[in-house]
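Below: work.cif (mmCIF, C-alpha atoms)
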data_model
#
loop_
_atom_site.label_atom_id
_atom_site.label_comp_id
_atom_site.auth_asym_id
_atom_site.auth_seq_id
_atom_site.Cartn_x
_atom_site.Cartn_y
_atom_site.Cartn_z
CA MET A 1 3.40 29.82 16.17
CA LYS A 2 6.89 30.38 14.77
CA ILE A 3 9.70 29.36 17.12
CA GLN A 4 13.40 29.35 16.22
CA TYR A 5 15.33 26.40 17.63
CA VAL A 6 18.34 26.50 15.31
CA SER A 7 19.90 29.03 12.96
CA LYS A 8 19.73 28.20 9.25
CA ASP A 9 21.49 30.03 6.43
CA LEU A 10 19.04 29.44 3.56
CA LYS A 11 19.67 30.38 -0.05
CA SER A 12 17.45 33.03 -1.65
CA SER A 13 15.79 30.40 -3.87
CA THR A 14 15.03 28.29 -0.81
CA LEU A 15 13.63 31.30 1.06
CA ALA A 16 11.35 31.96 -1.90
CA LEU A 17 9.90 28.45 -1.50
CA VAL A 18 9.50 29.01 2.23
CA ASN A 19 7.63 32.26 1.62
CA LYS A 20 5.34 30.50 -0.86
CA ALA A 21 4.74 27.71 1.65
CA ASN A 22 3.71 30.32 4.23
CA GLU A 23 1.42 31.99 1.72
CA ILE A 24 -0.33 28.71 0.90
CA ALA A 25 -0.52 27.54 4.53
CA GLU A 26 -1.94 30.87 5.71
CA GLU A 27 -4.50 30.79 2.90
CA TYR A 28 -5.79 27.46 4.19
CA ALA A 29 -5.51 28.44 7.86
CA ARG A 30 -7.95 31.29 7.17
CA GLN A 31 -10.41 28.61 6.01
CA GLY A 32 -9.84 26.56 9.17
CA TYR A 33 -7.52 23.94 7.65
CA ASN A 34 -3.97 22.88 8.30
CA LEU A 35 -2.08 20.84 5.70
CA THR A 36 -0.07 17.66 5.60
CA LEU A 37 3.29 17.88 3.86
CA ARG A 38 1.84 15.91 0.95
CA GLN A 39 -1.08 18.31 0.53
CA LEU A 40 1.31 21.26 0.61
CA TYR A 41 3.46 19.52 -2.00
CA TYR A 42 0.49 19.08 -4.33
CA GLN A 43 -0.33 22.76 -3.97
CA PHE A 44 3.21 23.57 -5.14
CA VAL A 45 2.84 21.18 -8.07
CA ALA A 46 -0.62 22.44 -9.05
CA ARG A 47 0.66 26.03 -9.09
CA GLY A 48 3.58 25.09 -11.32
CA ILE A 49 6.22 25.93 -8.70
CA ILE A 50 7.91 22.51 -8.60
CA ALA A 51 7.74 19.36 -10.71
CA ASN A 52 5.65 16.37 -9.70
CA LYS A 53 8.57 14.07 -8.84
CA LEU A 54 9.50 12.06 -5.76
CA THR A 55 12.83 13.89 -5.54
CA GLU A 56 10.99 17.23 -5.40
CA TYR A 57 8.66 15.93 -2.69
CA LYS A 58 11.64 14.88 -0.58
CA ARG A 59 13.42 18.18 -1.24
CA LEU A 60 10.35 20.18 -0.19
CA GLY A 61 10.05 18.08 2.98
CA SER A 62 13.66 18.84 3.86
CA ILE A 63 13.17 22.58 3.23
CA ILE A 64 10.00 22.69 5.35
CA ASN A 65 11.74 20.85 8.17
CA ASP A 66 14.68 23.29 8.17
CA ALA A 67 12.39 26.32 7.92
CA ARG A 68 10.28 25.24 10.88
CA LEU A 69 13.35 24.71 13.04
CA ALA A 70 14.61 28.14 11.95
CA GLY A 71 11.35 29.80 13.03
CA LEU A 72 10.26 30.65 9.49
CA ILE A 73 7.09 28.51 9.28
CA ASP A 74 4.26 28.25 11.81
CA TRP A 75 4.41 24.87 13.56
CA ASP A 76 0.59 24.65 13.56
CA HIS A 77 0.26 24.98 9.79
CA ILE A 78 1.81 21.62 8.84
CA THR A 79 0.38 18.55 10.53
CA ASP A 80 0.97 14.80 10.75
CA ARG A 81 -2.48 13.21 10.89
CA THR A 82 -1.24 9.67 11.43
CA ARG A 83 0.46 10.12 14.81
CA ASN A 84 -1.47 11.54 17.76
CA LEU A 85 -1.32 11.40 21.54
CA LYS A 86 -4.41 9.85 23.11
CA GLY A 87 -5.59 9.89 26.69
CA VAL A 88 -8.54 10.43 29.03
CA SER A 89 -10.37 13.69 29.78
CA HIS A 90 -10.16 15.53 33.12
CA TRP A 91 -12.49 18.04 34.78
CA ASP A 92 -12.24 20.78 37.40
CA SER A 93 -15.62 20.03 38.99
CA PRO A 94 -18.88 18.13 38.45
CA SER A 95 -20.34 21.38 37.14
CA SER A 96 -17.70 21.60 34.41
CA ILE A 97 -18.36 18.08 33.13
CA ILE A 98 -22.10 18.71 33.03
CA ASN A 99 -21.49 21.92 31.11
CA SER A 100 -19.29 20.01 28.68
CA ALA A 101 -21.96 17.32 28.39
CA ALA A 102 -24.52 20.01 27.57
CA TYR A 103 -22.27 21.36 24.82
CA SER A 104 -21.57 17.93 23.32
CA PHE A 105 -24.99 16.35 23.90
CA ARG A 106 -26.41 14.84 20.73
CA TYR A 107 -29.45 12.76 19.93
CA ASP A 108 -28.98 10.28 17.11
CA LYS A 109 -30.70 12.50 14.58
CA TRP A 110 -30.26 9.90 11.85
CA ARG A 111 -32.53 7.42 13.65
CA SER A 112 -35.68 8.96 12.13
CA GLN A 113 -34.18 9.31 8.65
CA PRO A 114 -35.06 6.97 5.76
CA HIS A 115 -31.31 6.64 5.00
CA ARG A 116 -28.30 6.03 7.26
CA VAL A 117 -25.18 7.65 5.82
CA GLU A 118 -21.50 6.97 6.54
CA VAL A 119 -18.45 8.60 4.90
CA TRP A 120 -15.51 6.31 4.11
CA VAL A 121 -12.14 7.64 2.93
CA GLU A 122 -9.25 5.57 1.59
CA LYS A 123 -6.49 7.46 3.42
CA GLU A 124 -5.82 7.99 7.10
CA ALA A 125 -4.01 11.23 6.22
CA LEU A 126 -7.32 12.73 5.06
CA ALA A 127 -9.34 11.66 8.10
CA ASP A 128 -9.15 15.16 9.63
CA VAL A 129 -10.44 16.74 6.41
CA VAL A 130 -13.35 14.29 6.35
CA GLU A 131 -13.99 14.88 10.05
CA LYS A 132 -14.28 18.63 9.46
CA ALA A 133 -17.01 17.99 6.88
CA ALA A 134 -18.74 15.12 8.70
CA THR A 135 -18.97 16.56 12.21
CA PRO A 136 -21.35 19.47 11.45
CA LEU A 137 -23.53 16.98 9.55
CA ASP A 138 -23.46 14.57 12.51
CA VAL A 139 -22.51 11.74 10.17
CA ASP A 140 -20.16 8.87 11.01
CA TYR A 141 -16.89 8.59 9.10
CA PHE A 142 -14.27 5.91 8.69
CA SER A 143 -10.67 5.76 7.44
CA CYS A 144 -10.28 2.59 5.35
CA ARG A 145 -6.46 2.69 5.15
CA GLY A 146 -6.55 1.17 1.68
CA TYR A 147 -8.51 -2.04 1.24
CA VAL A 148 -10.67 -2.59 4.31
CA SER A 149 -9.66 -5.58 6.41
CA GLN A 150 -11.99 -8.57 6.37
CA SER A 151 -12.81 -8.28 10.07
CA GLU A 152 -13.57 -4.55 9.88
CA LEU A 153 -15.71 -4.90 6.77
CA TRP A 154 -17.67 -7.78 8.31
CA ALA A 155 -18.31 -5.69 11.44
CA ALA A 156 -19.44 -2.79 9.24
CA ALA A 157 -21.78 -5.10 7.32
CA MET A 158 -23.38 -6.31 10.57
CA ARG A 159 -23.84 -2.67 11.67
CA LEU A 160 -25.42 -1.67 8.38
CA ARG A 161 -27.66 -4.72 8.38
CA ARG A 162 -29.09 -3.57 11.71
CA TYR A 163 -29.97 -0.23 10.12
CA SER A 164 -31.75 -2.09 7.32
CA GLU A 165 -33.67 -4.16 9.85
CA ASN A 166 -34.87 -0.89 11.40
CA GLY A 167 -36.24 0.24 8.04
CA GLN A 168 -33.36 2.45 6.89
CA THR A 169 -31.33 2.23 3.67
CA PRO A 170 -27.60 2.40 4.49
CA VAL A 171 -25.48 4.63 2.24
CA ILE A 172 -21.66 4.55 2.12
CA ILE A 173 -20.07 7.64 0.60
CA HIS A 174 -16.61 6.59 -0.57
CA LEU A 175 -13.58 8.73 -1.46
CA GLY A 176 -10.33 7.32 -2.85
CA ASP A 177 -7.43 7.89 -5.22
CA HIS A 178 -7.98 7.67 -8.97
CA ASP A 179 -5.50 4.88 -9.59
CA PRO A 180 -5.80 1.14 -10.29
CA SER A 181 -6.30 0.13 -6.65
CA GLY A 182 -8.13 3.28 -5.53
CA ILE A 183 -10.82 2.78 -8.18
CA ASP A 184 -11.09 -0.93 -7.38
CA MET A 185 -11.56 -0.30 -3.65
CA THR A 186 -15.08 1.04 -4.28
CA ARG A 187 -15.92 -2.14 -6.19
CA ASP A 188 -14.41 -4.25 -3.42
CA ILE A 189 -16.51 -2.60 -0.71
CA THR A 190 -19.68 -3.14 -2.75
CA ASP A 191 -18.94 -6.81 -3.52
CA ARG A 192 -17.94 -7.83 -0.01
CA MET A 193 -20.88 -6.00 1.56
CA ASP A 194 -23.11 -8.03 -0.77
CA LEU A 195 -21.29 -11.22 0.27
CA PHE A 196 -21.98 -10.42 3.93
CA GLY A 197 -25.66 -9.78 3.23
CA ALA A 198 -25.71 -6.00 3.63
CA ASP A 199 -28.27 -4.30 1.36
CA LEU A 200 -26.94 -0.79 0.83
CA VAL A 201 -25.95 1.97 -1.59
CA VAL A 202 -22.25 2.70 -2.24
CA ARG A 203 -21.59 6.13 -3.75
CA ARG A 204 -18.08 7.01 -4.94
CA ILE A 205 -17.92 10.82 -4.90
CA ALA A 206 -14.16 11.29 -5.42
CA LEU A 207 -11.82 11.04 -7.10
CA ASN A 208 -13.65 10.57 -10.43
CA MET A 209 -12.58 11.37 -13.97
CA ASP A 210 -14.98 14.30 -14.33
CA GLN A 211 -13.34 15.84 -11.24
CA VAL A 212 -9.88 15.22 -12.68
CA GLN A 213 -10.99 17.16 -15.75
CA GLU A 214 -12.62 19.93 -13.69
CA TYR A 215 -9.97 20.48 -11.00
CA ASN A 216 -6.90 19.40 -13.01
CA PRO A 217 -4.88 17.85 -10.14
CA PRO A 218 -1.27 16.95 -11.01
CA PRO A 219 -0.98 13.44 -12.49
CA ASN A 220 1.29 10.59 -11.47
CA PRO A 221 2.23 7.54 -13.52
CA ALA A 222 -0.12 4.69 -12.70
CA LYS A 223 1.74 1.84 -11.00
CA SER A 224 2.50 -0.77 -13.64
CA THR A 225 3.19 -3.30 -10.86
CA ASP A 226 -0.42 -3.07 -9.66
CA SER A 227 -2.33 -6.22 -10.67
CA ARG A 228 -5.21 -3.98 -11.84
CA PHE A 229 -2.98 -1.81 -14.03
CA GLU A 230 -3.94 -3.27 -17.42
CA GLY A 231 -7.68 -2.92 -16.86
CA TYR A 232 -7.19 0.61 -15.57
CA VAL A 233 -5.13 1.66 -18.60
CA VAL A 234 -7.86 0.45 -20.98
CA LYS A 235 -10.39 2.76 -19.28
CA PHE A 236 -8.32 5.74 -18.15
CA GLY A 237 -4.84 5.64 -19.67
CA ASP A 238 -1.54 5.34 -17.82
CA GLU A 239 -1.89 8.37 -15.51
CA SER A 240 -3.31 8.41 -11.99
CA TRP A 241 -4.32 11.11 -9.50
CA GLU A 242 -4.29 11.28 -5.71
CA LEU A 243 -7.22 12.39 -3.59
CA ASP A 244 -4.81 14.53 -1.52
CA ALA A 245 -4.33 16.81 -4.52
CA LEU A 246 -7.86 18.23 -4.20
CA ASP A 247 -8.30 21.28 -1.98
CA PRO A 248 -9.68 20.39 1.48
CA SER A 249 -12.50 22.87 0.88
CA THR A 250 -13.41 21.03 -2.33
CA LEU A 251 -13.55 17.72 -0.48
CA ASP A 252 -15.67 19.40 2.21
CA ASP A 253 -18.14 20.66 -0.41
CA LEU A 254 -18.36 17.27 -2.14
CA ILE A 255 -19.09 15.46 1.13
CA THR A 256 -21.60 18.05 2.34
CA GLN A 257 -23.56 18.08 -0.91
CA GLU A 258 -23.75 14.29 -1.04
CA VAL A 259 -24.81 13.86 2.60
CA LEU A 260 -27.56 16.48 2.26
CA ARG A 261 -28.79 14.64 -0.82
CA TRP A 262 -29.75 11.69 1.41
CA ARG A 263 -31.07 13.65 4.41
CA ASP A 264 -34.72 14.63 5.00
CA PRO A 265 -34.54 18.29 6.19
CA ASP A 266 -37.93 18.33 7.97
CA LEU A 267 -37.20 15.23 10.05
CA TRP A 268 -33.76 16.67 10.82
CA GLN A 269 -35.21 19.92 12.16
CA GLU A 270 -37.59 18.02 14.44
CA GLU A 271 -34.69 16.12 15.99
CA LEU A 272 -32.65 19.32 16.32
CA ALA A 273 -35.45 20.95 18.33
CA ARG A 274 -35.57 17.99 20.73
CA GLU A 275 -31.82 18.06 21.07
CA GLN A 276 -31.70 21.76 21.89
CA GLU A 277 -34.39 21.33 24.56
CA ALA A 278 -32.36 18.62 26.30
CA ARG A 279 -29.15 20.65 26.00
CA THR A 280 -30.80 23.68 27.61
CA TYR A 281 -31.92 21.52 30.53
CA LEU A 282 -28.35 20.29 31.11
CA GLN A 283 -27.04 23.86 30.97
CA LYS A 284 -29.48 24.87 33.71
CA ILE A 285 -28.20 22.03 35.91
CA SER A 286 -24.60 23.11 35.31
CA ARG A 287 -25.28 26.75 36.17
CA ASN A 288 -27.10 25.74 39.36
CA TRP A 289 -24.83 22.89 40.40
CA GLY A 290 -24.42 24.18 43.97
CA ARG A 291 -28.16 24.13 44.56
CA VAL A 292 -28.51 20.71 42.90
CA ALA A 293 -25.75 19.28 45.12
CA SER A 294 -27.41 20.76 48.22
CA VAL A 295 -30.73 19.12 47.36
CA VAL A 296 -28.99 15.78 46.85
CA ASP A 297 -27.28 16.13 50.24
CA GLU A 298 -30.56 17.06 51.96
CA LEU A 299 -32.29 14.03 50.52
CA GLY A 300 -29.40 11.81 51.59
CA LEU A 301 -29.01 10.43 48.12
#

Is it possible to give me this structure as structure tokens?
Amino acid sequence: MKIQYVSKDLKSSTLALVNKANEIAEEYARQGYNLTLRQLYYQFVARGIIANKLTEYKRLGSIINDARLAGLIDWDHITDRTRNLKGVSHWDSPSSIINSAAYSFRYDKWRSQPHRVEVWVEKEALADVVEKAATPLDVDYFSCRGYVSQSELWAAAMRLRRYSENGQTPVIIHLGDHDPSGIDMTRDITDRMDLFGADLVVRRIALNMDQVQEYNPPPNPAKSTDSRFEGYVVKFGDESWELDALDPSTLDDLITQEVLRWRDPDLWQEELAREQEARTYLQKISRNWGRVASVVDELGL
């Protein structure tokens, strides 16, 4: 939705950037994605429209802000994934909540699988992208926000140990930046999980050097102040790359392919059939709520 709140007299060069922003945002909206400002910025850089510099990022942010206020960019196309209103759900009637329960009802279809998969992503800003991939696969996902805190990693280790005790092999699919700390975070998860006694598989699926070579995301200078800088430079050179620079659809494909690699399709279909049977039963109750309520009243329950 484009809504004008203020009038802005933008230069022709600025309007050209606004039009390109709309073109990119609409391209992703057709795929079911909205973009953060940083993702939009990397699309501009990757297409050679602006330079990969902090000053250009700030300039683009200012232009996007002015254009939205002027009614030139759809408010729904640029999102802030780190700030969200939270609250409780409300319902019009008991029938409506039962119908919603029928729609959202899920068995734990992973319980019969030989592996138990979770998707972990370094950045909170990419949690929505991961959610879009993880939800259809019914797989749990987690935003690490950099290095995982000791308390959160210990709790995760206890959770994954319970899966192991039930005969499953836990698998963490990890995604992070290709920079000194982002690379090291995968190592850190593996080492601390081992310290806490969790026997599992950690699979880093992005961002890896082969993907840098394939997708050619715009580089940044690796942070020389990072304590892991020297070791990183020996292996990869002095450039780094952010996970945000990959297309959301590319991240979706990478996650989907990796999750399916660990999932037994026959066992999954059996659980899906059970789930659909239970969901149909709930839908019948919702459609016939008046009769169900009358029976309850008659029985004095």

Gap from atom CA of A:Leu282 to atom CA of A:Ala101 - Å, one decimal: 7.6 Å

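Residues matched by the PyMOL selection byres ((chain A and resi 128) around 10) in this file: A:Tyr33, A:Asn34, A:Leu35, A:Arg81, A:Thr82, A:Glu124, A:Ala125, A:Leu126, A:Ala127, A:Val129, A:Val130, A:Glu131, A:Lys132, A:Ala133, A:Ala134, A:Ser143, A:Pro248.
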
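Atom to atom, atom CA of A:Asn52 and atom CA of A:Lys2 stand 28.2 Å apart.
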
A:Ile24, A:Ile98, A:Leu160, A:Ile50 ranked by distance to A:Ser286, top pick (using only C-alpha atoms): A:Ile98

Residue contacts of A:Asp266 (10 Å, only C-alpha atoms) excluding same-chain residues fewer than 5 positions away, as number ranges by chain: A: 113, 271-272

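Closest approach to A:Gln4 among A:Phe236, A:Trp75, A:Tyr141, A:Trp262 is made by A:Trp75 (distances from only C-alpha atoms).
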
Minimum-distance residue to A:Ala157, chosen among A:Gly197, A:Trp120, A:Ala278, A:Asp191 (using only C-alpha atoms): A:Gly197
